[in-house]
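In what follows, a single structure is set out as structure tokens and then discussed.
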Amino acid sequence: GELDVAYQPRRDRTGASSGKVEALVRWTTAEGVSRRPDDFIPELEAAGVIEHLTALVRERPMRGVGARPDVRVSVNASAGEFQRPDFADRVRAAAERAAFPPARLEIEVTETAILNIPQARPTLEKLTSLGVGVALDDFGSGYTSLHALRELRFSTLKIDRGFVERCLDDTASAAIVHAVIAVGRSLGMQVVCEGVETEAQARFLRTAGVHLIQGWVYARAGAFADLPPAGAAAA
């Protein structure tokens with residue numbers, strides 16, 4: 001009962017609400033202590049129970065977001081869970097239980113989940129056939145190759161926040177951001193930058209051609225009831 005889900009909205013290039021949000025787990029202990037996901041998620045993965053957490057973070061938004069037809073929600077899946085042959089079937093079953101349209105759901109995976117491309121392809125194709133989007137998260141943080149982008153059809157490409165943090169003062173980071181955005185757009189993917197904290201970063205990313213911006217510059221993750229309506233301008 002100590003776990004909750006917060007929602008962080010994404011803004012489009014004009015600063016208006018896109019209607020797309022990311023569901024993020026939050027843990028406040030009975031003593032009132034907030035634990036960082038970076039701390040407890042590795043513990044759950046090591047204990048082999050991460051799937052219980054991802055199921056909660058996947059299914060709770062389906063029940064809560066249903067009343068807002070203008071909202072599309074993105075949820076994270078662990079690499080181990082995504083690699084299971086029945087993962088897409090479990091997503092479908094969860095959506096059916098919640099009477100949630102699959103087209104309003106996006107699954108985010110890191111590159112670890114797709115290192116074995118032949119293993120990842122059936123799951124991605126099954127999710128796509130259901131209408132569920134699949135986002136490649138933290139692109140550029142590890143060893144994902146352009147070969148993977150060619151072989152696997154993602155709906156969304158999320159650029160690692162490390163490049164966003166340095167895009168204004170590091171020529172290499174700026175060049176990489178421009179290049180990744182160009183590749184993503186050319187392959188028909190929606191490109192998202194997260195971890196955007198300043199208006200100067202947002203201006204750079206808009207000029208570079210990013211589709212959606214996520215970060216504290218516009219909004220921190222918060223309660224579902226506080227989400228702006230789609231199309232609402234940034235405060």
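By order of appearance in the structure tokens: chains A, B, ..., then residues from 1 within every chain, and ligands from 1 in the order shown.
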Requested in this report: Would you mind listing what lies within 12 Å of Leu187 in chain A as a ChimeraX atom specification, with only C-alpha atoms counted and same-chain residues fewer than 2 positions away left out?
Outcome: /A:146,148-157,180-185,189-191
Report task. Assign secondary structure with DSSP using the backbone only, and return the residues of range 5-231 of chain A in alpha helix (DSSP H) as an MDAnalysis selection string. Result -> chainID A and resid 37:47 50:65 79:82 87:98 117:130 146:151 161:165 171:186 199:208
Query raised in the report: Between A:Asp39, A:Val192, A:Ala233, A:Gly64, which one has atoms that come closest to Leu205 in chain A, using only C-alpha atoms?
Result: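 Checking each candidate against Leu205 in chain A, we get A:Val192 as the closest.
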**Report entry** For Ala175 in chain A, the nearest of the candidates A:Phe204, A:Pro102, A:Gly195, A:Ala23, counting only C-alpha atoms
**Finding:**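 Among the listed residues, the smallest separation from Ala175 in chain A belongs to A:Phe204.
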Report task. Considering only C-alpha atoms, return as number ranges by chain whatever protein or nucleic-acid residues lie within 10 Å of range 117-119 of chain A, sequence-local ones (same chain, fewer than 4 positions apart) excluded. Result -> A: 82-85, 113, 123-124, 147-148, 151-152
**Report entry** Pick from A:Gly1, A:Pro69, A:Gly15, A:Gly32, whichever lies nearest to Leu56 in chain A using only C-alpha atoms
**Finding:**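 Closest candidate: A:Gly1.
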With DSSP run on the backbone, what are the strand (DSSP E or B) residues within range 25-229 of chain A? I'd like them as a short mmCIF file (atom, residue, chain, number, x, y, z; two decimals) with N, CA, C and O atoms, in the first residue's frame.
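Saved to result.cif:
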```cif
data_model
loop_
_atom_site.label_atom_id
_atom_site.label_comp_id
_atom_site.auth_asym_id
_atom_site.auth_seq_id
_atom_site.Cartn_x
_atom_site.Cartn_y
_atom_site.Cartn_z
N VAL A 25 6.49 5.23 -11.05
CA VAL A 25 6.21 4.70 -9.72
C VAL A 25 6.83 5.59 -8.65
O VAL A 25 7.92 6.16 -8.83
N ARG A 26 6.13 5.72 -7.53
CA ARG A 26 6.62 6.47 -6.38
C ARG A 26 6.41 5.62 -5.13
O ARG A 26 5.39 4.94 -5.00
N TRP A 27 7.36 5.66 -4.22
CA TRP A 27 7.27 4.87 -2.99
C TRP A 27 7.54 5.79 -1.80
O TRP A 27 8.63 6.33 -1.65
N THR A 28 6.51 5.92 -0.97
CA THR A 28 6.65 6.63 0.30
C THR A 28 6.38 5.64 1.41
O THR A 28 5.29 5.07 1.50
N SER A 34 10.55 9.05 1.38
CA SER A 34 10.42 8.80 -0.06
C SER A 34 11.66 8.06 -0.55
O SER A 34 12.79 8.52 -0.33
N ARG A 35 11.45 6.94 -1.21
CA ARG A 35 12.56 6.16 -1.77
C ARG A 35 12.63 6.39 -3.27
O ARG A 35 11.63 6.37 -3.97
N ARG A 72 -3.11 9.70 -23.39
CA ARG A 72 -2.44 8.46 -23.77
C ARG A 72 -1.30 8.26 -22.78
O ARG A 72 -0.52 9.19 -22.53
N VAL A 73 -1.17 7.06 -22.24
CA VAL A 73 -0.21 6.84 -21.16
C VAL A 73 0.92 5.91 -21.59
O VAL A 73 0.71 4.94 -22.32
N SER A 74 2.12 6.25 -21.15
CA SER A 74 3.31 5.46 -21.43
C SER A 74 3.80 4.85 -20.13
O SER A 74 3.91 5.53 -19.12
N VAL A 75 4.06 3.53 -20.16
CA VAL A 75 4.51 2.83 -18.96
C VAL A 75 5.78 2.04 -19.28
O VAL A 75 6.00 1.62 -20.42
N ASN A 76 6.60 1.85 -18.28
CA ASN A 76 7.87 1.15 -18.46
C ASN A 76 7.72 -0.35 -18.23
O ASN A 76 6.93 -0.78 -17.38
N LEU A 105 -2.13 3.22 -25.17
CA LEU A 105 -1.07 2.71 -24.31
C LEU A 105 0.25 2.63 -25.09
O LEU A 105 0.27 2.27 -26.26
N GLU A 106 1.34 2.98 -24.42
CA GLU A 106 2.67 2.82 -24.99
C GLU A 106 3.55 2.14 -23.96
O GLU A 106 3.51 2.46 -22.78
N ILE A 107 4.34 1.16 -24.41
CA ILE A 107 5.27 0.44 -23.55
C ILE A 107 6.68 0.96 -23.83
O ILE A 107 7.12 1.00 -24.98
N GLU A 108 7.37 1.37 -22.77
CA GLU A 108 8.74 1.84 -22.90
C GLU A 108 9.71 0.74 -22.47
O GLU A 108 9.55 0.15 -21.40
N VAL A 109 10.72 0.50 -23.30
CA VAL A 109 11.74 -0.48 -22.97
C VAL A 109 13.12 0.12 -23.20
O VAL A 109 13.30 0.97 -24.08
N GLY A 133 1.72 1.18 -28.70
CA GLY A 133 2.98 1.74 -29.14
C GLY A 133 4.14 1.18 -28.34
O GLY A 133 3.96 0.73 -27.20
N VAL A 134 5.32 1.18 -28.91
CA VAL A 134 6.52 0.72 -28.22
C VAL A 134 7.59 1.79 -28.38
O VAL A 134 7.93 2.18 -29.50
N ALA A 135 8.11 2.27 -27.25
CA ALA A 135 9.14 3.31 -27.25
C ALA A 135 10.48 2.73 -26.83
O ALA A 135 10.55 1.93 -25.89
N LEU A 136 11.53 3.14 -27.52
CA LEU A 136 12.88 2.79 -27.10
C LEU A 136 13.38 3.90 -26.20
O LEU A 136 13.58 5.04 -26.63
N ASP A 137 13.56 3.57 -24.93
CA ASP A 137 13.90 4.56 -23.91
C ASP A 137 15.41 4.71 -23.78
O ASP A 137 16.18 3.78 -24.05
N ASP A 138 15.83 5.90 -23.35
CA ASP A 138 17.24 6.17 -23.03
C ASP A 138 18.17 5.87 -24.19
O ASP A 138 19.29 5.37 -24.00
N PHE A 139 17.75 6.19 -25.41
CA PHE A 139 18.60 5.91 -26.56
C PHE A 139 19.91 6.70 -26.45
O PHE A 139 19.91 7.90 -26.21
N THR A 156 8.22 5.27 -30.95
CA THR A 156 8.79 6.44 -30.28
C THR A 156 10.26 6.20 -29.96
O THR A 156 10.65 5.09 -29.59
N LEU A 157 11.06 7.24 -30.07
CA LEU A 157 12.47 7.19 -29.71
C LEU A 157 12.72 8.26 -28.66
O LEU A 157 12.47 9.44 -28.89
N LYS A 158 13.20 7.83 -27.49
CA LYS A 158 13.46 8.76 -26.39
C LYS A 158 14.97 8.93 -26.23
O LYS A 158 15.68 7.96 -25.98
N ILE A 159 15.44 10.15 -26.38
CA ILE A 159 16.86 10.45 -26.28
C ILE A 159 17.27 10.51 -24.81
O ILE A 159 16.60 11.14 -23.99
N GLN A 190 8.23 9.07 -33.45
CA GLN A 190 8.08 10.31 -32.71
C GLN A 190 9.28 10.41 -31.75
O GLN A 190 9.60 9.46 -31.04
N VAL A 191 9.94 11.55 -31.74
CA VAL A 191 11.14 11.72 -30.93
C VAL A 191 10.81 12.53 -29.68
O VAL A 191 10.21 13.61 -29.77
N VAL A 192 11.20 11.99 -28.53
CA VAL A 192 10.93 12.61 -27.24
C VAL A 192 12.25 12.87 -26.53
O VAL A 192 13.15 12.03 -26.53
N CYS A 193 12.37 14.03 -25.91
CA CYS A 193 13.50 14.32 -25.03
C CYS A 193 12.97 14.49 -23.61
O CYS A 193 12.04 15.27 -23.38
N LEU A 212 8.33 15.98 -28.90
CA LEU A 212 7.76 16.17 -27.57
C LEU A 212 8.86 16.41 -26.54
O LEU A 212 9.96 15.84 -26.63
N ILE A 213 8.55 17.22 -25.54
CA ILE A 213 9.48 17.58 -24.48
C ILE A 213 8.88 17.20 -23.14
O ILE A 213 7.72 17.50 -22.86
N GLY A 222 3.13 14.28 -11.16
CA GLY A 222 2.17 14.57 -10.11
C GLY A 222 0.93 13.71 -10.20
O GLY A 222 0.91 12.70 -10.91
#
```
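Pairwise distance (CA of Pro122 in chain A, CA of Glu22 in chain A) equals 24.3 Å.
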Requested in this report: May I have the residues within 9 Å of range 8-12 of chain A as a count of residues only, using only C-alpha atoms and disregarding those fewer than 3 positions away in the same chain?
Outcome: 31
